[in-house]
$ cat start_26.txt   # compact mmCIF, N, CA and C atoms
# COMPACT_ATOMS: atom_id res chain seq x y z
N MET A 181 33.29 50.89 17.12
CA MET A 181 34.29 51.79 17.63
C MET A 181 34.43 52.96 16.67
N ALA A 182 34.52 54.14 17.21
CA ALA A 182 34.63 55.35 16.40
C ALA A 182 35.96 56.04 16.70
N ASN A 183 36.28 57.01 15.89
CA ASN A 183 37.43 57.87 16.13
C ASN A 183 36.92 59.22 16.58
N LEU A 184 37.69 59.90 17.40
CA LEU A 184 37.33 61.26 17.76
C LEU A 184 37.29 62.06 16.46
N PRO A 185 36.24 62.84 16.22
CA PRO A 185 36.12 63.54 14.94
C PRO A 185 37.20 64.61 14.78
N ASN A 186 37.33 65.12 13.57
CA ASN A 186 38.27 66.20 13.29
C ASN A 186 37.59 67.55 13.44
N THR A 187 38.39 68.59 13.50
CA THR A 187 37.87 69.95 13.55
C THR A 187 37.29 70.31 12.19
N ALA A 188 36.66 71.47 12.10
CA ALA A 188 36.11 71.95 10.83
C ALA A 188 37.20 72.14 9.79
N ALA A 189 38.42 72.41 10.24
CA ALA A 189 39.55 72.58 9.32
C ALA A 189 40.13 71.24 8.86
N GLY A 190 39.62 70.13 9.40
CA GLY A 190 40.08 68.81 9.01
C GLY A 190 41.27 68.30 9.80
N THR A 191 41.64 68.99 10.85
CA THR A 191 42.76 68.55 11.68
C THR A 191 42.22 67.88 12.94
N ALA A 192 43.08 67.15 13.63
CA ALA A 192 42.68 66.48 14.86
C ALA A 192 42.53 67.49 15.99
N PHE A 193 41.63 67.20 16.93
CA PHE A 193 41.51 68.02 18.13
C PHE A 193 42.77 67.82 18.96
N VAL A 194 43.38 68.91 19.37
CA VAL A 194 44.61 68.86 20.17
C VAL A 194 44.34 69.55 21.50
N PRO A 195 44.56 68.85 22.62
CA PRO A 195 44.31 69.47 23.92
C PRO A 195 45.39 70.47 24.28
N LYS A 196 45.07 71.35 25.23
CA LYS A 196 46.09 72.24 25.77
C LYS A 196 47.14 71.38 26.47
N TYR A 197 48.35 71.89 26.55
CA TYR A 197 49.44 71.09 27.09
C TYR A 197 49.56 71.12 28.60
N ASN A 198 48.49 71.39 29.28
CA ASN A 198 48.50 71.25 30.73
C ASN A 198 47.65 70.05 31.14
N PHE A 199 47.59 69.03 30.25
CA PHE A 199 46.75 67.88 30.59
C PHE A 199 47.44 66.98 31.59
N LYS A 200 46.62 66.17 32.24
CA LYS A 200 47.10 65.28 33.29
C LYS A 200 46.95 63.83 32.86
N LYS A 201 48.01 63.07 33.02
CA LYS A 201 48.00 61.62 32.74
C LYS A 201 48.19 60.90 34.06
N SER A 202 47.34 59.91 34.31
CA SER A 202 47.49 59.14 35.54
C SER A 202 47.23 57.67 35.24
N ASN A 203 47.69 56.83 36.13
CA ASN A 203 47.44 55.40 36.02
C ASN A 203 47.14 54.84 37.40
N ALA A 204 46.50 53.70 37.40
CA ALA A 204 46.19 53.01 38.64
C ALA A 204 46.41 51.52 38.40
N PRO A 205 47.66 51.06 38.53
CA PRO A 205 47.93 49.65 38.28
C PRO A 205 47.10 48.74 39.18
N ASN A 206 46.66 47.64 38.61
CA ASN A 206 45.86 46.67 39.34
C ASN A 206 46.83 45.65 39.95
N THR A 207 47.20 45.88 41.19
CA THR A 207 48.20 45.06 41.87
C THR A 207 47.60 44.47 43.13
N ARG A 208 47.89 43.20 43.36
CA ARG A 208 47.48 42.52 44.60
C ARG A 208 48.71 42.39 45.49
N VAL A 209 48.53 42.70 46.76
CA VAL A 209 49.63 42.63 47.72
C VAL A 209 49.27 41.62 48.81
N VAL A 210 50.19 40.71 49.06
CA VAL A 210 50.03 39.73 50.15
C VAL A 210 51.09 40.05 51.19
N SER A 211 50.66 40.33 52.42
CA SER A 211 51.60 40.67 53.49
C SER A 211 51.87 39.43 54.33
N PHE A 212 53.15 39.19 54.56
CA PHE A 212 53.58 38.08 55.39
C PHE A 212 54.11 38.65 56.71
N GLY A 213 54.51 37.81 57.58
CA GLY A 213 55.05 38.27 58.86
C GLY A 213 56.38 38.98 58.68
N ASP A 214 56.78 39.73 59.68
CA ASP A 214 58.06 40.43 59.74
C ASP A 214 58.25 41.45 58.61
N GLY A 215 57.15 41.98 58.06
CA GLY A 215 57.25 43.04 57.07
C GLY A 215 57.46 42.58 55.64
N TYR A 216 57.53 41.27 55.41
CA TYR A 216 57.68 40.77 54.04
C TYR A 216 56.34 40.87 53.32
N GLU A 217 56.41 41.16 52.03
CA GLU A 217 55.20 41.17 51.22
C GLU A 217 55.53 40.72 49.80
N HIS A 218 54.46 40.29 49.12
CA HIS A 218 54.59 39.85 47.72
C HIS A 218 53.57 40.63 46.90
N ARG A 219 54.04 41.26 45.80
CA ARG A 219 53.18 42.05 44.93
C ARG A 219 53.04 41.36 43.58
N VAL A 220 51.80 41.28 43.10
CA VAL A 220 51.52 40.61 41.83
C VAL A 220 50.60 41.51 41.01
N SER A 221 50.99 41.72 39.74
CA SER A 221 50.10 42.42 38.81
C SER A 221 48.93 41.52 38.51
N PHE A 222 47.72 42.07 38.53
CA PHE A 222 46.51 41.28 38.38
C PHE A 222 45.82 41.64 37.08
N GLY A 223 45.62 40.67 36.22
CA GLY A 223 44.91 40.90 34.96
C GLY A 223 45.86 41.04 33.79
N LEU A 224 45.29 40.94 32.59
CA LEU A 224 46.10 41.05 31.38
C LEU A 224 46.51 42.49 31.09
N ASN A 225 45.57 43.38 31.14
CA ASN A 225 45.83 44.79 30.87
C ASN A 225 45.63 45.55 32.17
N GLN A 226 46.63 45.49 33.02
CA GLN A 226 46.46 45.94 34.39
C GLN A 226 46.95 47.35 34.65
N ASN A 227 47.37 48.09 33.61
CA ASN A 227 47.92 49.42 33.86
C ASN A 227 47.26 50.45 32.95
N ALA A 228 45.95 50.60 33.05
CA ALA A 228 45.21 51.54 32.20
C ALA A 228 45.54 52.98 32.58
N LYS A 229 45.53 53.84 31.58
CA LYS A 229 45.81 55.26 31.78
C LYS A 229 44.52 56.07 31.76
N THR A 230 44.55 57.19 32.44
CA THR A 230 43.45 58.15 32.44
C THR A 230 44.04 59.51 32.11
N PHE A 231 43.36 60.23 31.21
CA PHE A 231 43.83 61.55 30.80
C PHE A 231 42.74 62.59 31.09
N ASN A 232 43.11 63.65 31.78
CA ASN A 232 42.24 64.81 31.97
C ASN A 232 42.67 65.85 30.95
N LEU A 233 41.81 66.10 29.97
CA LEU A 233 42.18 66.95 28.84
C LEU A 233 41.31 68.20 28.80
N THR A 234 41.88 69.27 28.28
CA THR A 234 41.15 70.51 28.05
C THR A 234 41.36 70.92 26.60
N PHE A 235 40.25 71.08 25.89
CA PHE A 235 40.29 71.52 24.49
C PHE A 235 39.76 72.94 24.43
N GLU A 236 40.51 73.84 23.80
CA GLU A 236 40.03 75.20 23.54
C GLU A 236 39.68 75.26 22.06
N VAL A 237 38.40 75.48 21.78
CA VAL A 237 37.92 75.35 20.40
C VAL A 237 37.03 76.53 20.02
N ASP A 238 36.84 76.68 18.70
CA ASP A 238 35.95 77.71 18.19
C ASP A 238 34.51 77.32 18.47
N ASP A 239 33.71 78.32 18.77
CA ASP A 239 32.30 78.10 19.05
C ASP A 239 31.52 79.23 18.40
N ASP A 240 30.65 78.89 17.48
CA ASP A 240 29.85 79.89 16.78
C ASP A 240 28.64 80.24 17.63
N ALA A 241 28.32 81.51 17.69
CA ALA A 241 27.17 81.95 18.48
C ALA A 241 25.86 81.44 17.91
N ASN A 242 25.83 81.11 16.63
CA ASN A 242 24.62 80.60 15.98
C ASN A 242 24.61 79.09 16.09
N PRO A 243 23.74 78.48 16.89
CA PRO A 243 23.78 77.04 17.11
C PRO A 243 23.44 76.21 15.88
N SER A 244 22.86 76.85 14.85
CA SER A 244 22.54 76.07 13.64
C SER A 244 23.79 75.82 12.80
N ASN A 245 24.83 76.63 12.99
CA ASN A 245 26.08 76.43 12.26
C ASN A 245 26.92 75.37 12.95
N SER A 246 27.72 74.69 12.17
CA SER A 246 28.61 73.69 12.72
C SER A 246 29.85 74.38 13.27
N SER A 247 30.22 74.07 14.49
CA SER A 247 31.43 74.62 15.09
C SER A 247 32.22 73.47 15.68
N ASP A 248 33.48 73.75 15.97
CA ASP A 248 34.31 72.71 16.58
C ASP A 248 33.76 72.31 17.94
N ALA A 249 33.26 73.26 18.71
CA ALA A 249 32.69 72.95 20.03
C ALA A 249 31.47 72.04 19.87
N LYS A 250 30.62 72.35 18.92
CA LYS A 250 29.42 71.54 18.69
C LYS A 250 29.81 70.14 18.21
N THR A 251 30.77 70.06 17.30
CA THR A 251 31.23 68.76 16.80
C THR A 251 31.73 67.89 17.95
N LEU A 252 32.58 68.47 18.79
CA LEU A 252 33.16 67.71 19.90
C LEU A 252 32.12 67.33 20.94
N THR A 253 31.27 68.27 21.35
CA THR A 253 30.28 67.95 22.38
C THR A 253 29.21 66.99 21.86
N ASP A 254 28.84 67.09 20.58
CA ASP A 254 27.90 66.12 20.01
C ASP A 254 28.50 64.72 20.05
N PHE A 255 29.78 64.60 19.69
CA PHE A 255 30.45 63.30 19.73
C PHE A 255 30.48 62.76 21.17
N LEU A 256 30.82 63.61 22.13
CA LEU A 256 30.88 63.18 23.53
C LEU A 256 29.50 62.80 24.05
N ASP A 257 28.46 63.54 23.63
CA ASP A 257 27.09 63.19 24.02
C ASP A 257 26.70 61.82 23.47
N GLU A 258 27.08 61.54 22.23
CA GLU A 258 26.77 60.24 21.63
C GLU A 258 27.48 59.12 22.39
N ARG A 259 28.72 59.34 22.81
CA ARG A 259 29.46 58.32 23.57
C ARG A 259 28.86 58.14 24.96
N ALA A 260 28.32 59.19 25.52
CA ALA A 260 27.66 59.06 26.83
C ALA A 260 26.41 58.21 26.71
N VAL A 261 25.71 58.30 25.59
CA VAL A 261 24.48 57.54 25.38
C VAL A 261 24.78 56.08 25.06
N ASP A 262 25.69 55.84 24.09
CA ASP A 262 25.91 54.46 23.65
C ASP A 262 27.02 53.75 24.42
N GLY A 263 27.84 54.48 25.16
CA GLY A 263 28.90 53.85 25.95
C GLY A 263 30.01 53.24 25.12
N ALA A 264 30.04 53.55 23.83
CA ALA A 264 31.04 52.95 22.93
C ALA A 264 32.43 53.55 23.19
N ASN A 265 33.43 52.75 22.91
CA ASN A 265 34.79 53.26 23.01
C ASN A 265 35.15 53.97 21.71
N PHE A 266 36.22 54.73 21.76
CA PHE A 266 36.68 55.47 20.59
C PHE A 266 38.20 55.53 20.63
N THR A 267 38.79 55.78 19.47
CA THR A 267 40.23 55.85 19.35
C THR A 267 40.67 57.31 19.32
N TYR A 268 41.71 57.61 20.06
CA TYR A 268 42.27 58.96 20.07
C TYR A 268 43.76 58.86 20.37
N THR A 269 44.55 59.75 19.79
CA THR A 269 45.98 59.80 20.05
C THR A 269 46.28 61.06 20.84
N VAL A 270 46.57 60.90 22.11
CA VAL A 270 46.96 62.02 22.95
C VAL A 270 48.37 62.42 22.53
N PRO A 271 48.67 63.72 22.42
CA PRO A 271 50.02 64.14 22.03
C PRO A 271 51.09 63.49 22.89
N GLY A 272 52.10 62.95 22.24
CA GLY A 272 53.19 62.28 22.94
C GLY A 272 52.92 60.83 23.29
N GLU A 273 51.76 60.31 22.92
CA GLU A 273 51.37 58.93 23.23
C GLU A 273 51.03 58.22 21.93
N SER A 274 50.87 56.91 22.00
CA SER A 274 50.38 56.16 20.84
C SER A 274 48.86 56.15 20.88
N ALA A 275 48.25 55.75 19.78
CA ALA A 275 46.78 55.69 19.71
C ALA A 275 46.26 54.69 20.75
N MET A 276 45.18 55.06 21.43
CA MET A 276 44.59 54.21 22.46
C MET A 276 43.08 54.22 22.30
N ASN A 277 42.44 53.20 22.85
CA ASN A 277 40.98 53.16 22.92
C ASN A 277 40.56 53.74 24.25
N PHE A 278 39.54 54.61 24.21
CA PHE A 278 39.08 55.29 25.41
C PHE A 278 37.57 55.18 25.53
N VAL A 279 37.09 55.41 26.74
CA VAL A 279 35.69 55.69 27.00
C VAL A 279 35.64 57.02 27.74
N LEU A 280 34.50 57.65 27.66
CA LEU A 280 34.28 58.91 28.36
C LEU A 280 34.07 58.60 29.83
N GLU A 281 34.89 59.17 30.68
CA GLU A 281 34.79 58.96 32.12
C GLU A 281 33.96 60.10 32.70
N GLY A 282 32.77 59.80 33.16
CA GLY A 282 31.89 60.85 33.65
C GLY A 282 31.34 61.64 32.48
N GLY A 283 31.32 62.91 32.59
CA GLY A 283 30.80 63.77 31.52
C GLY A 283 31.88 64.73 31.06
N TYR A 284 31.45 65.89 30.61
CA TYR A 284 32.39 66.93 30.22
C TYR A 284 31.87 68.26 30.74
N ASN A 285 32.76 69.24 30.79
CA ASN A 285 32.39 70.60 31.17
C ASN A 285 32.73 71.52 30.01
N LYS A 286 31.77 72.33 29.60
CA LYS A 286 31.99 73.30 28.53
C LYS A 286 31.83 74.69 29.11
N THR A 287 32.84 75.52 28.91
CA THR A 287 32.82 76.89 29.40
C THR A 287 33.06 77.83 28.23
N SER A 288 32.21 78.82 28.08
CA SER A 288 32.44 79.84 27.06
C SER A 288 33.42 80.85 27.63
N THR A 289 34.65 80.82 27.10
CA THR A 289 35.71 81.66 27.67
C THR A 289 35.72 83.05 27.05
N TYR A 290 35.50 83.14 25.75
CA TYR A 290 35.44 84.40 25.04
C TYR A 290 34.33 84.28 24.00
N LYS A 291 34.03 85.38 23.33
CA LYS A 291 33.05 85.32 22.27
C LYS A 291 33.55 84.36 21.20
N ASN A 292 32.71 83.42 20.82
CA ASN A 292 33.01 82.41 19.80
C ASN A 292 34.20 81.52 20.17
N ARG A 293 34.45 81.32 21.47
CA ARG A 293 35.55 80.45 21.93
C ARG A 293 35.05 79.69 23.15
N SER A 294 35.31 78.39 23.19
CA SER A 294 34.88 77.57 24.33
C SER A 294 36.02 76.70 24.82
N LYS A 295 35.93 76.36 26.09
CA LYS A 295 36.88 75.43 26.71
C LYS A 295 36.08 74.21 27.12
N ILE A 296 36.51 73.02 26.68
CA ILE A 296 35.83 71.77 27.00
C ILE A 296 36.80 70.90 27.79
N GLN A 297 36.40 70.56 29.02
CA GLN A 297 37.23 69.71 29.88
C GLN A 297 36.59 68.34 29.95
N VAL A 298 37.41 67.30 29.76
CA VAL A 298 36.90 65.95 29.68
C VAL A 298 37.94 64.98 30.23
N THR A 299 37.47 63.82 30.69
CA THR A 299 38.37 62.76 31.15
C THR A 299 38.16 61.54 30.27
N PHE A 300 39.25 61.06 29.68
CA PHE A 300 39.25 59.85 28.87
C PHE A 300 39.93 58.75 29.66
N ARG A 301 39.27 57.59 29.77
CA ARG A 301 39.83 56.42 30.46
C ARG A 301 40.14 55.34 29.44
N GLN A 302 41.36 54.85 29.44
CA GLN A 302 41.79 53.83 28.49
C GLN A 302 41.07 52.52 28.78
N VAL A 303 40.61 51.87 27.70
CA VAL A 303 40.00 50.55 27.81
C VAL A 303 40.68 49.60 26.85
N PHE A 304 40.54 48.33 27.12
CA PHE A 304 41.19 47.31 26.30
C PHE A 304 40.09 46.43 25.71
N GLU A 305 39.42 46.98 24.70
CA GLU A 305 38.33 46.27 24.03
C GLU A 305 38.69 46.11 22.58
N PRO A 306 38.16 45.08 21.94
CA PRO A 306 38.46 44.91 20.51
C PRO A 306 37.84 46.00 19.67

$ encode --input "start_26.txt" --output "C-alpha cells"
Amino acid sequence: MANLPNTAAGTAFVPKYNFKKSNAPNTRVVSFGDGYEHRVSFGLNQNAKTFNLTFEVDDDANPSNSSDAKTLTDFLDERAVDGANFTYTVPGESAMNFVLEGGYNKTSTYKNRSKIQVTFRQVFEP
C-alpha cells in the first residue's frame, strides 16, 4: 500500500473544492405482501464512498523536469498497472484507502498548468 505522493513543495495534493462524494450502500430488500418490506445492510463494510476529484497542478513544458502533474500522473499510472490501493485524506474526511476507479483525464488549462480529473473508490483492504 502506498500513499498519494506530495507536491514538489512537499505538501499534499489538494483537490479543488467542487469535488463530488457519493456512496452506494449495499442493502438487500425483501418485499412482503401489502407493501411491507425488510431492509438489511449486506457485508461488513457496506457503505463505501466514491470521490470525483479535480487537481489543478503545475506542469512544466519540459517533460524531463519533475512537475506536480508528472508526479501525480506517474503515480496514477503505476496504480493502474499494479491495481494497488493507496491512502489519501480528502479534505474534510479521515484518511481512507482507495483504488483508482477507471482512469484519469489530464487537461492543459494554461501554460505550465494542468487539470487532472480522477475518481477514487474507497476499499477496505489491509

$ atom_distance --input "start_26.txt" --atom1 "atom N of A:Leu252" --atom2 "atom C of A:Ala264"
15.6 Å

$ select_by_dssp --input "start_26.txt" --residues "chain A" --states "alpha helix (DSSP H)" --output "PDB file with N, CA and C atoms, keeping the file's coordinate frame"
ATOM      1  N   ASP A 248      33.480  73.750  15.970  1.00  0.00           N
ATOM      2  CA  ASP A 248      34.310  72.710  16.580  1.00  0.00           C
ATOM      3  C   ASP A 248      33.760  72.310  17.940  1.00  0.00           C
ATOM      4  N   ALA A 249      33.260  73.260  18.710  1.00  0.00           N
ATOM      5  CA  ALA A 249      32.690  72.950  20.030  1.00  0.00           C
ATOM      6  C   ALA A 249      31.470  72.040  19.870  1.00  0.00           C
ATOM      7  N   LYS A 250      30.620  72.350  18.920  1.00  0.00           N
ATOM      8  CA  LYS A 250      29.420  71.540  18.690  1.00  0.00           C
ATOM      9  C   LYS A 250      29.810  70.140  18.210  1.00  0.00           C
ATOM     10  N   THR A 251      30.770  70.060  17.300  1.00  0.00           N
ATOM     11  CA  THR A 251      31.230  68.760  16.800  1.00  0.00           C
ATOM     12  C   THR A 251      31.730  67.890  17.950  1.00  0.00           C
ATOM     13  N   LEU A 252      32.580  68.470  18.790  1.00  0.00           N
ATOM     14  CA  LEU A 252      33.160  67.710  19.900  1.00  0.00           C
ATOM     15  C   LEU A 252      32.120  67.330  20.940  1.00  0.00           C
ATOM     16  N   THR A 253      31.270  68.270  21.350  1.00  0.00           N
ATOM     17  CA  THR A 253      30.280  67.950  22.380  1.00  0.00           C
ATOM     18  C   THR A 253      29.210  66.990  21.860  1.00  0.00           C
ATOM     19  N   ASP A 254      28.840  67.090  20.580  1.00  0.00           N
ATOM     20  CA  ASP A 254      27.900  66.120  20.010  1.00  0.00           C
ATOM     21  C   ASP A 254      28.500  64.720  20.050  1.00  0.00           C
ATOM     22  N   PHE A 255      29.780  64.600  19.690  1.00  0.00           N
ATOM     23  CA  PHE A 255      30.450  63.300  19.730  1.00  0.00           C
ATOM     24  C   PHE A 255      30.480  62.760  21.170  1.00  0.00           C
ATOM     25  N   LEU A 256      30.820  63.610  22.130  1.00  0.00           N
ATOM     26  CA  LEU A 256      30.880  63.180  23.530  1.00  0.00           C
ATOM     27  C   LEU A 256      29.500  62.800  24.050  1.00  0.00           C
ATOM     28  N   ASP A 257      28.460  63.540  23.630  1.00  0.00           N
ATOM     29  CA  ASP A 257      27.090  63.190  24.020  1.00  0.00           C
ATOM     30  C   ASP A 257      26.700  61.820  23.470  1.00  0.00           C
ATOM     31  N   GLU A 258      27.080  61.540  22.230  1.00  0.00           N
ATOM     32  CA  GLU A 258      26.770  60.240  21.630  1.00  0.00           C
ATOM     33  C   GLU A 258      27.480  59.120  22.390  1.00  0.00           C
ATOM     34  N   ARG A 259      28.720  59.340  22.810  1.00  0.00           N
ATOM     35  CA  ARG A 259      29.460  58.320  23.570  1.00  0.00           C
ATOM     36  C   ARG A 259      28.860  58.140  24.960  1.00  0.00           C
ATOM     37  N   ALA A 260      28.320  59.190  25.520  1.00  0.00           N
ATOM     38  CA  ALA A 260      27.660  59.060  26.830  1.00  0.00           C
ATOM     39  C   ALA A 260      26.410  58.210  26.710  1.00  0.00           C
ATOM     40  N   VAL A 261      25.710  58.300  25.590  1.00  0.00           N
ATOM     41  CA  VAL A 261      24.480  57.540  25.380  1.00  0.00           C
ATOM     42  C   VAL A 261      24.780  56.080  25.060  1.00  0.00           C
ATOM     43  N   ASP A 262      25.690  55.840  24.090  1.00  0.00           N
ATOM     44  CA  ASP A 262      25.910  54.460  23.650  1.00  0.00           C
ATOM     45  C   ASP A 262      27.020  53.750  24.420  1.00  0.00           C
TER      46      ASP A 262
END

$ closest_residue --input "start_26.txt" --among "A:Lys196, A:Asn183, A:Gln302, A:Gly190" --to "A:Asn227" --atoms "only N, CA and C atoms"
A:Gln302

$ residues_around --input "start_26.txt" --residues "stretch 265-272 of chain A" --least-positions-apart "6" --cutoff "7 Å" --atoms "only C-alpha atoms" --output "list in words"
Met181, Ala182, Asn183, Leu184, Phe278 and Val279 of chain A

$ select_by_dssp --input "start_26.txt" --residues "stretch 230-274 of chain A" --states "strand (DSSP E)" --output "list in words"
Thr230, Phe231, Asn232, Leu233, Thr234, Phe235, Glu236, Val237, Asp238, Phe266, Thr267 and Tyr268 of chain A

$ closest_residue --input "start_26.txt" --among "A:Asn186, A:Thr230, A:Ser294, A:Thr191" --to "A:Asn203" --atoms "only C-alpha atoms"
A:Thr230

$ atom_distance --input "start_26.txt" --atom1 "atom C of A:Arg301" --atom2 "atom CA of A:Lys250"
22.2 Å

$ residues_near_point --input "start_26.txt" --point "(45.1, 69.0, 34.6)" --cutoff "6.5 Å" --atoms "only N, CA and C atoms" --output "PDB file with N, CA and C atoms, in the coordinates of the input"
ATOM      1  N   ASN A 198      48.490  71.390  29.280  1.00  0.00           N
ATOM      2  CA  ASN A 198      48.500  71.250  30.730  1.00  0.00           C
ATOM      3  C   ASN A 198      47.650  70.050  31.140  1.00  0.00           C
ATOM      4  N   PHE A 199      47.590  69.030  30.250  1.00  0.00           N
ATOM      5  CA  PHE A 199      46.750  67.880  30.590  1.00  0.00           C
ATOM      6  C   PHE A 199      47.440  66.980  31.590  1.00  0.00           C
ATOM      7  N   LYS A 200      46.620  66.170  32.240  1.00  0.00           N
ATOM      8  CA  LYS A 200      47.100  65.280  33.290  1.00  0.00           C
ATOM      9  C   LYS A 200      46.950  63.830  32.860  1.00  0.00           C
ATOM     10  N   ASN A 232      43.110  63.650  31.780  1.00  0.00           N
ATOM     11  CA  ASN A 232      42.240  64.810  31.970  1.00  0.00           C
ATOM     12  C   ASN A 232      42.670  65.850  30.950  1.00  0.00           C
ATOM     13  N   LEU A 233      41.810  66.100  29.970  1.00  0.00           N
ATOM     14  CA  LEU A 233      42.180  66.950  28.840  1.00  0.00           C
ATOM     15  C   LEU A 233      41.310  68.200  28.800  1.00  0.00           C
TER      16      LEU A 233
END

$ atom_distance --input "start_26.txt" --atom1 "atom C of A:Leu224" --atom2 "atom N of A:Met276"
15.9 Å
